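Undergrad: Please find work_37.cif (mmCIF, C-alpha atoms and all ligand atoms) on the next line:
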data_upload
#
loop_
_atom_site.label_atom_id
_atom_site.label_comp_id
_atom_site.auth_asym_id
_atom_site.auth_seq_id
_atom_site.Cartn_x
_atom_site.Cartn_y
_atom_site.Cartn_z
CA MET A 1 154.71 54.93 52.86
CA LEU A 2 153.26 56.71 49.85
CA ALA A 3 149.82 58.22 50.49
CA ASN A 4 147.80 61.38 50.09
CA PHE A 5 144.82 62.46 52.16
CA HIS A 6 143.97 65.82 50.55
CA THR A 7 142.35 64.85 47.25
CA HIS A 8 139.55 66.51 45.26
CA THR A 9 137.37 64.88 42.60
CA VAL A 10 134.49 65.74 40.26
CA PHE A 11 132.21 65.71 43.32
CA CYS A 12 133.65 69.19 44.01
CA ASP A 13 136.19 71.07 41.86
CA GLY A 14 138.52 68.23 40.83
CA ASN A 15 139.09 66.91 37.32
CA ASN A 16 138.76 63.16 37.88
CA THR A 17 136.26 60.69 39.28
CA PRO A 18 137.18 59.03 42.56
CA GLU A 19 137.68 55.71 40.75
CA GLU A 20 140.16 57.30 38.31
CA ILE A 21 142.03 58.65 41.34
CA VAL A 22 142.07 55.25 43.04
CA LEU A 23 143.42 53.58 39.89
CA ALA A 24 146.12 56.27 39.54
CA ALA A 25 147.07 55.81 43.21
CA ILE A 26 147.36 52.03 42.77
CA GLU A 27 149.46 52.60 39.65
CA LYS A 28 151.78 54.87 41.69
CA ASP A 29 152.08 52.17 44.38
CA PHE A 30 150.27 54.19 47.05
CA SER A 31 149.50 52.35 50.29
CA ALA A 32 146.52 54.60 51.06
CA ILE A 33 144.45 57.38 49.53
CA GLY A 34 142.08 59.73 51.32
CA PHE A 35 139.38 61.81 49.66
CA SER A 36 138.63 65.27 51.03
CA GLY A 37 135.79 66.84 49.05
CA HIS A 38 135.08 70.49 49.90
CA GLY A 39 132.34 70.58 52.54
CA PHE A 40 129.21 72.49 51.54
CA THR A 41 129.62 76.27 51.89
CA PRO A 42 126.14 77.84 51.59
CA PHE A 43 127.55 81.33 50.95
CA ASP A 44 129.64 80.20 47.94
CA GLN A 45 128.57 77.18 45.92
CA SER A 46 131.13 77.59 43.16
CA TYR A 47 133.48 74.77 44.17
CA CYS A 48 132.04 72.82 47.11
CA MET A 49 130.22 69.47 47.05
CA LYS A 50 126.52 69.74 46.30
CA ASP A 51 125.74 66.06 46.85
CA THR A 52 127.76 64.92 49.84
CA GLU A 53 125.74 61.73 50.21
CA ALA A 54 126.49 60.56 46.68
CA TYR A 55 130.17 61.34 47.31
CA ALA A 56 130.22 59.31 50.52
CA ARG A 57 128.40 56.42 48.83
CA GLU A 58 130.89 56.34 45.98
CA ILE A 59 133.97 56.41 48.23
CA ARG A 60 132.48 53.61 50.37
CA ARG A 61 131.85 51.55 47.22
CA LEU A 62 135.49 52.01 46.13
CA LYS A 63 136.73 51.21 49.64
CA GLU A 64 135.10 47.81 49.35
CA LYS A 65 135.96 47.20 45.69
CA TYR A 66 139.69 47.90 46.06
CA LYS A 67 140.20 46.75 49.66
CA ASN A 68 142.83 44.20 48.68
CA LYS A 69 144.85 46.76 46.73
CA ILE A 70 144.82 50.01 48.68
CA GLN A 71 143.37 51.55 51.86
CA ILE A 72 140.77 54.17 50.98
CA TYR A 73 139.52 56.83 53.42
CA LEU A 74 136.45 59.02 53.29
CA GLY A 75 137.33 62.51 54.46
CA VAL A 76 136.09 66.05 54.06
CA GLU A 77 137.73 69.46 53.81
CA GLU A 78 135.61 71.56 56.13
CA ASP A 79 135.76 75.33 55.74
CA ALA A 80 136.19 77.28 58.96
CA PHE A 81 133.00 79.26 58.18
CA ALA A 82 130.83 76.26 57.26
CA PRO A 83 130.83 73.41 59.79
CA VAL A 84 129.68 70.09 58.34
CA ASP A 85 128.09 67.01 59.88
CA ARG A 86 131.18 64.93 60.50
CA SER A 87 129.51 61.66 61.42
CA ALA A 88 130.01 60.06 57.99
CA PHE A 89 133.71 60.84 57.70
CA ASP A 90 136.89 59.01 58.65
CA TYR A 91 138.77 62.28 59.12
CA VAL A 92 138.38 66.03 58.74
CA ILE A 93 140.75 68.59 57.24
CA GLY A 94 139.92 72.02 58.65
CA SER A 95 140.79 74.85 56.25
CA SER A 96 140.11 78.56 56.05
CA HIS A 97 139.34 79.90 52.55
CA TYR A 98 137.44 83.13 53.33
CA LEU A 99 137.42 86.36 55.21
CA ARG A 100 134.23 88.13 56.17
CA ALA A 101 133.92 91.76 55.18
CA GLY A 102 130.88 93.96 54.68
CA GLY A 103 128.49 91.06 55.30
CA ARG A 104 130.12 88.94 52.59
CA HIS A 105 132.47 85.99 52.52
CA LEU A 106 135.39 86.86 50.25
CA ALA A 107 137.55 83.98 49.05
CA ILE A 108 141.23 84.62 49.70
CA ASP A 109 142.39 81.94 47.28
CA SER A 110 140.11 82.00 44.25
CA SER A 111 141.85 84.76 42.25
CA PRO A 112 144.32 87.61 42.85
CA GLU A 113 141.46 90.04 42.03
CA GLU A 114 139.23 88.70 44.82
CA PHE A 115 142.17 88.60 47.19
CA TYR A 116 142.89 92.29 46.54
CA GLU A 117 139.20 93.11 46.99
CA CYS A 118 139.45 91.41 50.34
CA LEU A 119 142.60 93.38 51.20
CA LYS A 120 140.73 96.58 50.41
CA ALA A 121 138.17 95.64 53.06
CA PHE A 122 141.06 95.75 55.55
CA SER A 123 142.08 99.27 54.37
CA GLY A 124 144.76 97.70 52.19
CA ASN A 125 146.67 96.70 55.31
CA PRO A 126 148.05 93.14 55.08
CA VAL A 127 148.81 93.03 58.79
CA ARG A 128 145.17 93.73 59.66
CA LEU A 129 144.04 91.12 57.14
CA ALA A 130 146.46 88.56 58.62
CA GLU A 131 145.28 89.31 62.17
CA ALA A 132 141.66 88.70 61.11
CA TYR A 133 142.52 85.55 59.15
CA TYR A 134 144.60 83.86 61.85
CA GLY A 135 142.26 85.06 64.61
CA GLU A 136 139.24 83.40 62.96
CA PHE A 137 141.22 80.32 61.95
CA CYS A 138 142.67 79.73 65.43
CA ASP A 139 139.20 80.17 66.99
CA TYR A 140 137.81 77.57 64.59
CA ILE A 141 140.70 75.14 65.26
CA GLY A 142 140.25 75.49 69.03
CA LYS A 143 136.48 74.94 68.84
CA ARG A 144 136.14 72.32 66.09
CA ARG A 145 139.47 70.53 66.50
CA PRO A 146 139.91 69.12 63.00
CA ASP A 147 142.21 66.10 62.62
CA ILE A 148 144.33 67.98 60.09
CA ILE A 149 144.87 71.73 59.67
CA GLY A 150 144.77 72.54 55.93
CA HIS A 151 147.20 74.96 54.20
CA PHE A 152 147.66 77.05 57.34
CA ASP A 153 148.98 80.20 55.60
CA LEU A 154 146.74 80.18 52.52
CA ILE A 155 146.62 84.00 52.55
CA THR A 156 150.17 83.90 51.13
CA LYS A 157 148.98 82.10 47.98
CA TYR A 158 149.69 85.04 45.64
CA ASP A 159 152.58 86.50 47.63
CA GLU A 160 155.29 85.49 45.18
CA LEU A 161 153.39 86.90 42.18
CA GLY A 162 153.58 90.58 43.05
CA ASP A 163 154.74 92.71 45.95
CA SER A 164 155.42 90.42 48.86
CA LEU A 165 152.80 91.61 51.34
CA PHE A 166 153.41 88.81 53.80
CA LEU A 167 156.40 86.52 53.47
CA LYS A 168 159.01 89.31 53.57
CA ASN A 169 157.12 91.32 56.18
CA PRO A 170 158.51 90.78 59.70
CA GLU A 171 155.29 92.03 61.32
CA TYR A 172 153.28 89.46 59.37
CA ASN A 173 155.75 86.68 60.15
CA ALA A 174 155.47 87.36 63.88
CA ILE A 175 151.64 87.10 63.64
CA ALA A 176 151.82 83.86 61.64
CA GLU A 177 154.31 82.26 64.03
CA ARG A 178 152.22 83.25 67.05
CA ALA A 179 149.14 81.76 65.39
CA ALA A 180 151.01 78.54 64.57
CA THR A 181 152.05 78.24 68.21
CA ILE A 182 148.42 78.60 69.32
CA ALA A 183 147.09 76.20 66.67
CA ALA A 184 149.75 73.61 67.54
CA LYS A 185 148.34 73.43 71.08
CA SER A 186 145.17 71.88 69.64
CA GLY A 187 147.16 68.74 68.87
CA ALA A 188 145.94 68.73 65.25
CA ILE A 189 148.29 67.54 62.53
CA PHE A 190 149.52 70.35 60.29
CA GLU A 191 149.38 69.76 56.61
CA VAL A 192 152.44 70.48 54.49
CA ASN A 193 150.63 71.16 51.24
CA THR A 194 152.37 71.18 47.84
CA GLY A 195 149.27 72.39 45.93
CA ALA A 196 150.53 75.92 45.24
CA ILE A 197 153.83 74.60 43.83
CA THR A 198 151.82 72.48 41.38
CA ARG A 199 149.88 75.59 40.36
CA GLY A 200 153.13 77.49 39.78
CA LEU A 201 152.27 80.04 42.48
CA ARG A 202 154.68 79.21 45.28
CA SER A 203 158.21 77.88 45.34
CA THR A 204 157.67 75.92 48.55
CA ALA A 205 154.75 74.16 50.23
CA TYR A 206 152.35 75.75 52.70
CA PRO A 207 153.11 76.67 55.40
CA ALA A 208 156.19 78.87 54.91
CA GLU A 209 159.57 77.89 56.30
CA ASN A 210 159.43 80.13 59.40
CA ILE A 211 156.11 78.52 60.38
CA LEU A 212 157.61 75.06 59.87
CA PHE A 213 160.44 76.00 62.24
CA THR A 214 157.80 77.10 64.76
CA LEU A 215 155.97 73.78 64.36
CA ARG A 216 159.22 71.88 64.81
CA ARG A 217 159.86 73.77 68.04
CA GLU A 218 156.31 73.04 69.23
CA GLU A 219 156.78 69.36 68.32
CA ALA A 220 153.68 69.50 66.15
CA ARG A 221 152.89 66.55 63.91
CA ILE A 222 152.85 67.09 60.14
CA ILE A 223 151.31 65.31 57.17
CA LEU A 224 152.45 65.69 53.57
CA SER A 225 149.70 66.33 51.05
CA SER A 226 149.28 67.42 47.46
CA ASP A 227 145.79 69.01 47.64
CA SER A 228 145.43 67.28 44.30
CA HIS A 229 142.65 68.21 41.87
CA ASP A 230 143.93 65.81 39.21
CA ALA A 231 145.04 62.17 39.04
CA ALA A 232 148.38 63.26 37.59
CA THR A 233 149.39 65.32 40.63
CA LEU A 234 148.61 62.96 43.53
CA ASP A 235 152.22 63.01 44.79
CA ALA A 236 153.47 66.16 43.07
CA PHE A 237 156.61 67.62 44.69
CA PHE A 238 156.60 65.04 47.51
CA ASP A 239 160.28 64.04 47.08
CA GLU A 240 161.60 67.62 47.10
CA THR A 241 159.34 68.58 49.99
CA LYS A 242 160.45 65.60 52.08
CA ARG A 243 164.09 66.68 51.64
CA TYR A 244 163.13 70.24 52.56
CA LEU A 245 161.33 69.03 55.71
CA TYR A 246 164.31 66.87 56.64
CA ASP A 247 166.61 69.91 56.37
CA ILE A 248 164.27 71.85 58.67
CA GLY A 249 164.63 69.06 61.22
CA PHE A 250 161.53 66.91 60.75
CA ARG A 251 162.15 63.17 60.84
CA HIS A 252 158.52 61.95 60.58
CA THR A 253 155.32 62.68 58.82
CA TYR A 254 151.96 61.09 59.70
CA ALA A 255 149.57 59.04 57.61
CA LEU A 256 146.33 57.15 58.14
CA TRP A 257 146.86 53.41 58.38
CA ASN A 258 144.26 50.94 59.64
CA GLY A 259 142.17 53.91 60.73
CA GLU A 260 144.86 55.56 62.90
CA PHE A 261 147.37 58.29 62.22
CA ILE A 262 150.76 56.59 62.38
CA LYS A 263 154.31 57.92 62.23
CA CYS A 264 156.23 57.46 58.97
CA ASP A 265 159.99 58.07 58.71
CA ILE A 266 161.20 60.74 56.31
CA LYS A 267 164.05 59.11 54.46
ZN ZN A 301 141.55 74.16 50.66
ZN ZN A 302 141.70 71.25 49.08
#
As structure tokens, how would this structure be written, given the file I've shared?
TA:
Amino acid sequence: MLANFHTHTVFCDGNNTPEEIVLAAIEKDFSAIGFSGHGFTPFDQSYCMKDTEAYAREIRRLKEKYKNKIQIYLGVEEDAFAPVDRSAFDYVIGSSHYLRAGGRHLAIDSSPEEFYECLKAFSGNPVRLAEAYYGEFCDYIGKRRPDIIGHFDLITKYDELGDSLFLKNPEYNAIAERAATIAAKSGAIFEVNTGAITRGLRSTAYPAENILFTLRREEARIILSSDSHDAATLDAFFDETKRYLYDIGFRHTYALWNGEFIKCDIK
């Protein structure tokens, strides 16, 4: 079943309207498409949704208009530091995009410069940064229990660009694997997110291979998503990533169908 549930539009920082996305998904023979606008983050309004009600109205309109062609879901990508009112949404992706330092929220994924500023706040020590990131994220996951955990190891976004602070650091890997084990106990579905491959930043999806082996061992459920900000990349790198997941030992991903997360074979 072809589907994507991590999709951004012009209601936040995406390039296309929801209707353009729906038409592209139908063209690609998708069975379902889920929208996940960035929930409002009061401390950083650069990329989140400002008018969540208009977004919800528009997705509901499309749901009705295209109901004979594709299943459409109204979701939200909630930031760990900015809980949203979930009552309007069919599902919630819980993601962590910030670290708090010196009374500010510093984005870990907006630019390498801001990431390094953030690292400085942890005395330049990637292990301390990782402990803070996973500590906060696991607390959020335990308390808010999102349906889907978004790009679990987002702090590694720029790791392949310069000195590998994380992915080749055994101390970091132990922290990330421990965090994945804790987060898996929440029962949430982990996203395998190809977004950073599309952006030319990472050679494989989030989370990294060692975390995927941990999730396999914990029998966690996974969902494949593109974190797409453009109609052209709705299923970017899905085929390669499915083969990669199969080699790691996964035989199923999950997808929303008739309002429930169902198992889909990886072929
Ligand atoms: Zn995100
Ligand atoms: Zn996203």
Undergrad: Of the residues A:Ala174, A:Leu167, A:Leu215, A:Ile70, which is the one nearest to Phe190 in chain A, using all atoms listed in the file?
TA: A:Leu215
Undergrad: Between A:Asn125, A:Glu219, A:Ala255, A:Cys138, single out the one closest to Asn169 in chain A, counting only C-alpha atoms.
TA: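 Closest to Asn169 in chain A of all the choices is A:Asn125.
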Undergrad: As a PyMOL selection string, please: every protein or nucleic acid residue near ligand ZN 301 (chain A) (cut-off 10 Å, counting all atoms listed in the file).
TA: chain A and resi 6-8+36-38+77-79+93-97+109+149-152+154+193+195+227
Undergrad: Kindly indicate which residue among A:Arg104, A:Arg221, A:Arg61, A:His229 lies nearest to ligand ZN 302 (chain A), using only C-alpha atoms and all ligand atoms for the distances.
TA: A:His229
Undergrad: Counting all atoms listed in the file, write as a PyMOL selection string all protein and nucleic acid residues lying at most 9 Å from (140.5, 61.4, 61.9) in the file's frame.
TA: chain A and resi 75+89-93+146-148+256+259-261
Undergrad: Would you mind telling me which residue in A:Thr241, A:Ser111, A:Ser164, A:Asn4 lies nearest to ligand ZN 302 (chain A) when using all atoms listed in the file?
TA: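 Between A:Thr241, A:Ser111, A:Ser164, A:Asn4, the residue approaching ligand ZN 302 (chain A) most closely is A:Asn4.
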Undergrad: Ranking A:Ile108, A:Ala179, A:Ala24, A:Cys12 by minimum distance to ligand ZN 302 (chain A) and counting all atoms listed in the file, which one comes first?
TA: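 Nearest to ligand ZN 302 (chain A): A:Cys12.
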Undergrad: Quick one: everything within 12 Å of Ser46 in chain A, counting all atoms listed in the file, minus sequence neighbours fewer than 6 positions away in the same chain. Send it as a list in words.
TA: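 Result of the neighbour search: Phe11, Cys12, Asp13, His38, Gly39, Phe40, Ala107 and Ser110 of chain A.
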Undergrad: Report, in Å to a single decimal, how far apart CA of Ala208 in chain A and CA of Ala183 in chain A are.
TA: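 Taking CA of Ala183 in chain A and CA of Ala208 in chain A, their separation equals 15.1 Å.
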Undergrad: Tell me, in Å to one decimal, how far CA of Phe137 in chain A is from CA of Tyr98 in chain A.
TA: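 According to the coordinates, CA of Phe137 in chain A and CA of Tyr98 in chain A are separated by 9.8 Å.
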Undergrad: Can you work out the spacing between CA of Glu113 in chain A and CA of Glu191 in chain A in Å, to one decimal?
TA: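 These atoms are spaced 26.2 Å apart.
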Undergrad: I'd like to know which of A:Ile182, A:Glu64, A:Ala196, A:Pro18 is closest to ligand ZN 302 (chain A), using all atoms listed in the file.
TA: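 For ligand ZN 302 (chain A), the nearest of the candidates is A:Ala196.
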Undergrad: Find the residues near Ile155 in chain A: any atom within 8 Å, counting all atoms listed in the file, skip ones fewer than 2 places away on the same chain, and give them as a ChimeraX atom specification.
TA: /A:108-109,130,133,153,157-158
Undergrad: Restricted to C-alpha atoms, what would the selected residues look like written as an mmCIF file, in the coordinates of the input?
TA:
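Saved file result_29.cif follows:
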data_model
loop_
_atom_site.group_PDB
_atom_site.id
_atom_site.type_symbol
_atom_site.label_atom_id
_atom_site.label_comp_id
_atom_site.auth_asym_id
_atom_site.auth_seq_id
_atom_site.Cartn_x
_atom_site.Cartn_y
_atom_site.Cartn_z
ATOM 1 C CA ILE A 108 141.230 84.620 49.700
ATOM 2 C CA ASP A 109 142.390 81.940 47.280
ATOM 3 C CA ALA A 130 146.460 88.560 58.620
ATOM 4 C CA TYR A 133 142.520 85.550 59.150
ATOM 5 C CA ASP A 153 148.980 80.200 55.600
ATOM 6 C CA LYS A 157 148.980 82.100 47.980
ATOM 7 C CA TYR A 158 149.690 85.040 45.640
#
Undergrad: Lys63 in chain A: which residues within 9 Å, counting only C-alpha atoms, same-chain residues fewer than 4 positions away excluded, as a ChimeraX atom specification?
TA: /A:58-59,67,70-74
Undergrad: Give me the residues near Gly102 in chain A as a VMD selection string, where near means some atom within 10 Å (using all atoms listed in the file) and where sequence neighbours in that chain fewer than 3 positions away do not count.
TA: chain A and resid 105 to 106 118 121
